[in-house]
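Structure, as C-alpha cells:
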Amino acid sequence: MRFNKSPIETMKKRQSIRNFDTQTIKDSHVKRIKEYISNEENLVGPFGSKGRIEFIQVTNNVSDKGIKLGTYGFIKNPQAYLTGVAQNGKYSLVEFAYTFQKLVVWLTELEIGTCWMGGTFNRNSFEQEIQLADEEFIPCITPIGYPNQKQRVFDKALRYVVKADNKKPWDKLFYDSTFEVPLNQENAGSLEIPIEMVRIGPSASNKQPWRLLLTRDRKVCHFFIEHTPNYSSKLGYDMQLLDMGIAMCQFELACKELDIKGDWSVTNPTLKLPNEHTEYIVSWNFL
Ligand SMILES: Cc1cc2nc3c(=O)[nH]c(=O)nc-3n(C[C@H](O)[C@H](O)[C@H](O)COP(=O)(O)O)c2cc1C
C-alpha cells in the first residue's frame with residue numbers, strides 16, 4: 001500500500017462519517033479497494049498476525065446475497081461495508097486494528113468516508129454474509145461511501161452526542177518518564193506529531209483509553225491502555241484493544257512520514273502504574 005498524500009494531513013482531516021451520498025462508489029475505487037484488501041502485505045500486523053477484510057456492496061442496506069445489513073439507524077446511505085475478520089486474542093485484535101486503521105487512512109485519502117463500528121451494527125446478519133472459520137469473528141466493520149456534504153447538521157448533532165470532538169488534552173494521556181509527570185508538548189521533541197496523531201485518532205465511544213509514556217532517555221515510547229471497566233464485556237471481546245492498534249498505526253504512519261526510525265516490541269517495563277485498569281501493551285523503540 002502506498003500513500004500519495006501526506007498521511008499526517010489525512011489523519012488530521014479524518015473524522016467518522018455516518019451520512020453518505022447516494023452516489024455509488026466509482027468502479028475505479030471499488031477496484032482499488034478490492035486490490036488493497038486482497039494484498040497480504042496490507043493485512044499483516046507489526047508482529048505478524050493476519051486478519052481479513054471483506055468488501056460487501058449494498059443497495060438500500062441489502063447485500064447482493066439478499067441479506068439485510070443493519071446499523072440501527074446510525075448510518076445513512078452506506079454504499080458498501082468493509083467487514084473485519086480476526087481471532088479473538090489480545091494481540092490479534094491490536095494488530096488487526098492497526099491494519100484496519102491503515103485502510104481507513106488510505107480511504108480517507110481517496111475521500112471515501114468511513115466510520116469504525118464495533119457495537120452498533122447487526123453482527124448476526126454480517127456473520128451470515130461472510131464465511132467465518134472456527135476461531136474467527138467480526139471485531140468491527142466500516143460503512144463506506146462518499147460523505148454527504150448536505151447532511152452535516154445531523155452528523156454534527158451526533159458528533160455532539162458521542163462527544164466526538166471532545167478529545168482529551170495531552171496531560172490526560174501522555175507521560176514523561178513516570179506516570180506522575182504529564183508530558184509537555186514542548187518536551188516531546190520530534191515525537192510531538194506522532195503523539196498528536198494518537199490523540200486525534202478514533203476510539204470506541206471516544207473513550208481514548210491510550211496512555212503513552214516516553215522514557216527519560218527518549219529512546220522508548222511505551223503504550224498502555226486504561227481500560228474502561230466493563231466496557232464491551234457483553235460483546236465477548238475487548239473492543240478497546242482495537243483502540244490500541246489504531247494508536248499504533250497513527251503513531252507509526254507519522255514516524256514514517258517524518259523519517260523517525262524505530263520498531264515495535266513487547267518489553268513489559270517495570271513501572272508504577274496509575275491504577276489497576278492500566279495495562280501495558282507495546283513499546284516503540286527508536287533506532
Ligand atoms: C473500535 C471502535 C468502535 C466504534 N464503534 C462505533 C459504533 O459501534 N457505532 C458508532 O456510531 N461509532 C463507533 N465508533 C466511532 C467513534 O464513536 C468515533 O471514532 C469517536 O467518537 C471519535 O470521533 P472521530 O472518529 O470522528 O474522531 C467506533 C470507533 C472505534 C475506534
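In the C-alpha cells, chains take letters A, B, ... by order of appearance, with residues numbered from 1 within each chain and ligands from 1 in the order shown.
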Practice problem: Tell me which protein, DNA and RNA residues are within 10 Å of stretch 97-99 of chain A, counting only C-alpha atoms, leaving out same-chain ones fewer than 2 positions away, and put them as an NGL selection string. | Solution: :A and (41-46 or 49-53 or 84 or 86 or 91-95 or 101-104 or 116 or 139-140 or 239 or 241-250 or 252)
Exercise. Counting only C-alpha atoms and all ligand atoms, name the residues that have an atom within 7 Å of an atom of ligand 1; the answer should be given as a PyMOL selection string.
Key: chain A and resi 14-16+74+115-121+140+159+162-165+200-206+239-240+242-243
Resulting file, chosen residues, N, CA and C atoms, as a compact mmCIF listing (two decimals), in the first residue's frame:
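Saved file selection-v1.txt follows:
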# COMPACT_ATOMS: atom_id res chain seq x y z
N ARG A 14 -9.39 13.38 8.89
CA ARG A 14 -10.33 12.27 9.06
C ARG A 14 -11.30 12.51 10.21
N GLN A 15 -12.53 12.25 9.97
CA GLN A 15 -13.49 12.12 11.07
C GLN A 15 -14.50 11.08 10.65
N SER A 16 -15.20 10.52 11.64
CA SER A 16 -16.16 9.48 11.31
C SER A 16 -17.28 10.05 10.45
N PHE A 74 -27.88 4.37 12.64
CA PHE A 74 -26.75 5.28 12.84
C PHE A 74 -26.14 5.75 11.52
N CYS A 115 -16.55 4.93 9.07
CA CYS A 115 -16.88 5.04 10.49
C CYS A 115 -16.60 3.69 11.14
N TRP A 116 -15.59 3.62 11.95
CA TRP A 116 -15.30 2.39 12.70
C TRP A 116 -16.55 2.00 13.48
N MET A 117 -16.96 0.75 13.41
CA MET A 117 -18.10 0.32 14.22
C MET A 117 -17.80 -1.03 14.85
N GLY A 118 -17.92 -1.06 16.17
CA GLY A 118 -17.73 -2.31 16.88
C GLY A 118 -19.01 -2.76 17.55
N GLY A 119 -19.93 -1.80 17.73
CA GLY A 119 -21.13 -2.12 18.51
C GLY A 119 -22.44 -1.96 17.76
N THR A 120 -22.66 -0.79 17.14
CA THR A 120 -24.00 -0.50 16.61
C THR A 120 -24.21 -1.04 15.19
N PHE A 121 -24.04 -2.34 15.07
CA PHE A 121 -24.43 -2.99 13.81
C PHE A 121 -24.90 -4.39 14.13
N CYS A 140 -15.07 -5.65 13.93
CA CYS A 140 -15.51 -4.32 13.52
C CYS A 140 -15.89 -4.32 12.05
N ARG A 159 -22.22 13.90 16.47
CA ARG A 159 -20.85 14.08 17.00
C ARG A 159 -20.90 14.69 18.39
N VAL A 162 -22.05 11.86 20.89
CA VAL A 162 -20.99 10.90 21.22
C VAL A 162 -19.69 11.62 21.63
N LYS A 163 -19.78 12.93 21.77
CA LYS A 163 -18.62 13.75 22.19
C LYS A 163 -17.39 13.48 21.32
N ALA A 164 -17.64 13.38 20.01
CA ALA A 164 -16.56 13.01 19.09
C ALA A 164 -15.46 14.06 19.04
N ASP A 165 -15.86 15.34 19.22
CA ASP A 165 -14.84 16.38 19.12
C ASP A 165 -14.18 16.65 20.46
N ILE A 200 -5.59 12.42 18.26
CA ILE A 200 -6.75 12.77 17.43
C ILE A 200 -7.38 11.55 16.75
N GLY A 201 -6.89 10.37 17.04
CA GLY A 201 -7.41 9.17 16.39
C GLY A 201 -8.79 8.79 16.91
N PRO A 202 -9.47 7.91 16.16
CA PRO A 202 -10.79 7.44 16.62
C PRO A 202 -10.64 6.41 17.74
N SER A 203 -11.66 6.31 18.58
CA SER A 203 -11.67 5.26 19.61
C SER A 203 -13.11 4.91 19.93
N ALA A 204 -13.32 3.71 20.43
CA ALA A 204 -14.67 3.23 20.72
C ALA A 204 -15.33 4.15 21.74
N SER A 205 -16.52 4.64 21.42
CA SER A 205 -17.26 5.62 22.23
C SER A 205 -16.39 6.82 22.61
N ASN A 206 -15.40 7.07 21.79
CA ASN A 206 -14.47 8.17 22.02
C ASN A 206 -13.88 8.18 23.44
N MET A 239 -13.22 -4.51 23.08
CA MET A 239 -13.21 -3.61 21.94
C MET A 239 -12.12 -2.54 22.06
N GLN A 240 -11.76 -2.22 23.29
CA GLN A 240 -10.77 -1.15 23.48
C GLN A 240 -9.36 -1.56 23.02
N LEU A 242 -8.86 -2.62 20.21
CA LEU A 242 -8.82 -2.07 18.85
C LEU A 242 -8.28 -0.64 18.88
N ASP A 243 -8.67 0.10 19.90
CA ASP A 243 -8.17 1.48 20.00
C ASP A 243 -6.65 1.51 20.07
Practice problem: Name the residues of stretch 12-118 of chain A that come out as strand (DSSP E or B) in a backbone DSSP run; write them as a PyMOL selection string. | Solution: chain A and resi 19-20+44+50+52-59+62-63+68+76+80-87+113-114+117
Include N, CA and C atoms and write out the residues we just selected as a compact mmCIF listing (two decimals), in the first residue's frame.
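Once written, out.txt looks like this:
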# COMPACT_ATOMS: atom_id res chain seq x y z
N ASN A 19 -23.11 9.81 7.41
CA ASN A 19 -24.06 10.18 6.37
C ASN A 19 -23.38 10.19 5.03
N PHE A 20 -23.85 9.29 4.16
CA PHE A 20 -23.18 9.17 2.87
C PHE A 20 -24.06 9.70 1.76
N VAL A 44 -1.25 -7.75 7.43
CA VAL A 44 -0.39 -8.30 8.47
C VAL A 44 0.02 -7.20 9.44
N LYS A 50 -2.39 -11.98 11.23
CA LYS A 50 -3.07 -11.61 9.99
C LYS A 50 -4.58 -11.77 10.11
N ARG A 52 -8.55 -10.57 8.08
CA ARG A 52 -9.14 -10.45 6.74
C ARG A 52 -10.05 -9.23 6.71
N ILE A 53 -10.25 -8.69 5.53
CA ILE A 53 -11.23 -7.61 5.36
C ILE A 53 -12.04 -7.92 4.12
N GLU A 54 -13.35 -7.97 4.29
CA GLU A 54 -14.23 -8.34 3.17
C GLU A 54 -15.04 -7.12 2.70
N PHE A 55 -15.20 -7.04 1.40
CA PHE A 55 -15.97 -5.95 0.78
C PHE A 55 -17.39 -6.44 0.51
N ILE A 56 -18.37 -5.73 1.00
CA ILE A 56 -19.77 -6.12 0.74
C ILE A 56 -20.52 -4.92 0.18
N GLN A 57 -20.92 -5.03 -1.08
CA GLN A 57 -21.68 -3.95 -1.70
C GLN A 57 -23.13 -4.02 -1.21
N VAL A 58 -23.78 -2.88 -0.99
CA VAL A 58 -25.19 -2.92 -0.59
C VAL A 58 -26.03 -1.93 -1.41
N THR A 59 -27.29 -2.29 -1.56
CA THR A 59 -28.27 -1.39 -2.15
C THR A 59 -29.39 -1.32 -1.13
N VAL A 62 -29.19 -3.74 1.63
CA VAL A 62 -29.31 -5.17 1.35
C VAL A 62 -28.14 -5.59 0.45
N SER A 63 -27.50 -6.69 0.82
CA SER A 63 -26.33 -7.15 0.07
C SER A 63 -26.74 -7.89 -1.20
N LYS A 68 -30.05 -8.43 4.72
CA LYS A 68 -30.20 -7.05 5.19
C LYS A 68 -29.16 -6.78 6.27
N LYS A 76 -26.43 6.50 7.38
CA LYS A 76 -27.35 6.79 6.27
C LYS A 76 -26.65 6.59 4.91
N ALA A 80 -21.41 0.53 0.68
CA ALA A 80 -20.79 -0.79 0.87
C ALA A 80 -20.30 -0.86 2.31
N TYR A 81 -19.91 -2.06 2.71
CA TYR A 81 -19.29 -2.22 4.02
C TYR A 81 -17.97 -2.94 3.85
N LEU A 82 -17.02 -2.57 4.69
CA LEU A 82 -15.80 -3.36 4.81
C LEU A 82 -15.90 -4.05 6.16
N THR A 83 -15.84 -5.36 6.12
CA THR A 83 -16.05 -6.16 7.32
C THR A 83 -14.74 -6.79 7.75
N GLY A 84 -14.39 -6.56 9.00
CA GLY A 84 -13.14 -7.09 9.54
C GLY A 84 -13.35 -8.49 10.11
N VAL A 85 -12.36 -9.34 9.92
CA VAL A 85 -12.40 -10.70 10.47
C VAL A 85 -11.05 -10.96 11.15
N ALA A 86 -11.10 -11.39 12.41
CA ALA A 86 -9.86 -11.65 13.14
C ALA A 86 -10.11 -12.72 14.18
N GLN A 87 -9.03 -13.11 14.88
CA GLN A 87 -9.17 -14.02 16.01
C GLN A 87 -9.31 -13.19 17.27
N GLY A 113 -15.55 8.14 2.81
CA GLY A 113 -15.85 8.25 4.24
C GLY A 113 -15.92 6.89 4.91
N THR A 114 -15.56 6.87 6.19
CA THR A 114 -15.57 5.63 6.98
C THR A 114 -16.10 5.94 8.38
N MET A 117 -16.96 0.75 13.41
CA MET A 117 -18.10 0.32 14.22
C MET A 117 -17.80 -1.03 14.85
Practice problem: Return as an MDAnalysis selection string the full set of residues in stretch 79-237 of chain A whose backbone-based DSSP assignment is helix (DSSP H, G or I). | Solution: chainID A and resid 90:109 123:129 149:161 170:172 185:199 204:206 233:235
Could those selected residues go to a file with C-alpha atoms, as a PDB file, in the first residue's frame?
ATOM      1  CA  LYS A  90      -5.182  -9.713  22.793  1.00  0.00           C
ATOM      2  CA  TYR A  91      -2.503  -9.101  20.170  1.00  0.00           C
ATOM      3  CA  SER A  92      -4.503 -10.427  17.250  1.00  0.00           C
ATOM      4  CA  LEU A  93      -7.066  -7.693  17.973  1.00  0.00           C
ATOM      5  CA  VAL A  94      -4.452  -4.984  18.467  1.00  0.00           C
ATOM      6  CA  GLU A  95      -2.694  -5.961  15.254  1.00  0.00           C
ATOM      7  CA  PHE A  96      -5.892  -6.296  13.295  1.00  0.00           C
ATOM      8  CA  ALA A  97      -6.953  -2.790  14.291  1.00  0.00           C
ATOM      9  CA  TYR A  98      -3.559  -1.493  13.187  1.00  0.00           C
ATOM     10  CA  THR A  99      -4.170  -2.877   9.692  1.00  0.00           C
ATOM     11  CA  PHE A 100      -7.807  -1.706   9.624  1.00  0.00           C
ATOM     12  CA  GLN A 101      -6.824   1.855  10.574  1.00  0.00           C
ATOM     13  CA  LYS A 102      -4.230   1.928   7.807  1.00  0.00           C
ATOM     14  CA  LEU A 103      -7.040   1.091   5.415  1.00  0.00           C
ATOM     15  CA  VAL A 104      -9.201   3.830   6.954  1.00  0.00           C
ATOM     16  CA  VAL A 105      -6.463   6.455   6.455  1.00  0.00           C
ATOM     17  CA  TRP A 106      -5.900   5.240   2.900  1.00  0.00           C
ATOM     18  CA  LEU A 107      -9.650   5.513   2.164  1.00  0.00           C
ATOM     19  CA  THR A 108      -9.723   8.989   3.699  1.00  0.00           C
ATOM     20  CA  GLU A 109      -7.002   9.973   1.251  1.00  0.00           C
ATOM     21  CA  ARG A 123     -23.451  -8.761  13.920  1.00  0.00           C
ATOM     22  CA  ASN A 124     -25.627 -11.760  13.104  1.00  0.00           C
ATOM     23  CA  SER A 125     -26.514 -10.537   9.649  1.00  0.00           C
ATOM     24  CA  PHE A 126     -22.870  -9.733   8.848  1.00  0.00           C
ATOM     25  CA  GLU A 127     -21.906 -13.197  10.094  1.00  0.00           C
ATOM     26  CA  GLN A 128     -24.386 -14.717   7.648  1.00  0.00           C
ATOM     27  CA  GLU A 129     -22.929 -12.690   4.837  1.00  0.00           C
ATOM     28  CA  GLN A 149     -21.966  17.226   2.338  1.00  0.00           C
ATOM     29  CA  LYS A 150     -25.571  18.341   2.940  1.00  0.00           C
ATOM     30  CA  GLN A 151     -26.195  16.147   5.950  1.00  0.00           C
ATOM     31  CA  ARG A 152     -23.615  17.835   8.101  1.00  0.00           C
ATOM     32  CA  VAL A 153     -26.212  19.051  10.615  1.00  0.00           C
ATOM     33  CA  PHE A 154     -27.243  15.525  11.559  1.00  0.00           C
ATOM     34  CA  ASP A 155     -23.598  14.474  11.714  1.00  0.00           C
ATOM     35  CA  LYS A 156     -22.740  17.451  13.887  1.00  0.00           C
ATOM     36  CA  ALA A 157     -25.577  16.630  16.300  1.00  0.00           C
ATOM     37  CA  LEU A 158     -24.456  13.014  16.541  1.00  0.00           C
ATOM     38  CA  ARG A 159     -20.847  14.085  17.000  1.00  0.00           C
ATOM     39  CA  TYR A 160     -22.033  16.212  19.897  1.00  0.00           C
ATOM     40  CA  VAL A 161     -23.931  13.283  21.470  1.00  0.00           C
ATOM     41  CA  TRP A 170      -2.100  15.972  26.297  1.00  0.00           C
ATOM     42  CA  ASP A 171      -1.777  15.993  30.085  1.00  0.00           C
ATOM     43  CA  LYS A 172      -4.556  13.393  30.470  1.00  0.00           C
ATOM     44  CA  GLN A 185       4.071  19.029  24.211  1.00  0.00           C
ATOM     45  CA  GLU A 186       7.240  21.168  24.015  1.00  0.00           C
ATOM     46  CA  ASN A 187       9.295  18.380  25.600  1.00  0.00           C
ATOM     47  CA  ALA A 188       8.206  15.700  23.157  1.00  0.00           C
ATOM     48  CA  GLY A 189      10.821  16.732  20.592  1.00  0.00           C
ATOM     49  CA  SER A 190      10.461  15.025  17.240  1.00  0.00           C
ATOM     50  CA  LEU A 191       7.693  12.859  18.659  1.00  0.00           C
ATOM     51  CA  GLU A 192       5.269  15.711  19.064  1.00  0.00           C
ATOM     52  CA  ILE A 193       3.426  14.976  15.810  1.00  0.00           C
ATOM     53  CA  PRO A 194       3.334  11.141  16.115  1.00  0.00           C
ATOM     54  CA  ILE A 195       1.933  11.518  19.648  1.00  0.00           C
ATOM     55  CA  GLU A 196      -0.569  14.141  18.497  1.00  0.00           C
ATOM     56  CA  MET A 197      -1.784  11.677  15.827  1.00  0.00           C
ATOM     57  CA  VAL A 198      -2.575   9.189  18.620  1.00  0.00           C
ATOM     58  CA  ARG A 199      -4.554  11.899  20.417  1.00  0.00           C
ATOM     59  CA  ALA A 204     -14.673   3.225  20.715  1.00  0.00           C
ATOM     60  CA  SER A 205     -17.260   5.624  22.229  1.00  0.00           C
ATOM     61  CA  ASN A 206     -14.466   8.174  22.024  1.00  0.00           C
ATOM     62  CA  SER A 233     -17.802  -7.194  28.102  1.00  0.00           C
ATOM     63  CA  LYS A 234     -21.280  -8.110  26.799  1.00  0.00           C
ATOM     64  CA  LEU A 235     -19.842  -8.422  23.314  1.00  0.00           C
TER      65      LEU A 235
END
Exercise. To one decimal in Å, tell me the separation between atom CA of A:Leu183 and atom CA of A:Ser283.
Key: 16.5 Å
Self-check item: Among listed residues A:Ser232, A:Glu136, A:Ile33, A:His222, nearest A:Asn268 (using only C-alpha atoms)
Solution: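 That would be A:His222, the residue with the smallest distance to A:Asn268.
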Quiz prompt | Residues within 10 Å of A:His29, only C-alpha atoms, excluding chain neighbours under 6 positions, as a list in words | solution =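 Listing them by chain and then by number gives Glu35, Leu107, Leu110 and Ile112 of chain A.
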Quiz item: Expressed in Å to a single decimal, how great is the separation between atom CA of A:Trp284 and atom CA of A:Phe179?
Solution: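 One can read the atom CA of A:Trp284 to atom CA of A:Phe179 distance as 17.3 Å.
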Quiz prompt | Residue neighbourhood A:Ile260, 8 Å, only C-alpha atoms, exclusion window fewer than 4 positions, as a PyMOL selection string | solution = chain A and resi 190+255-256+286
Exercise. Excluding A:Gln23 and residues on its chain fewer than 2 positions from it, collect all residues at most 8 Å away from it, counting only C-alpha atoms, and give them as a list of chain:residue names.
Key: A:Asp21, A:Ile25, A:Gln79, A:Gly145, A:Tyr146
Generate the output file for the selected residues, C-alpha atoms, as a CSV table (one decimal), in the first residue's frame.
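File produced: result-v2.csv:
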chain,number,residue,atom,x,y,z
A,21,ASP,CA,-24.1,10.5,-0.5
A,25,ILE,CA,-18.7,4.1,-5.2
A,79,GLN,CA,-22.8,2.2,-0.4
A,145,GLY,CA,-19.2,5.8,0.5
A,146,TYR,CA,-18.7,9.5,-0.4
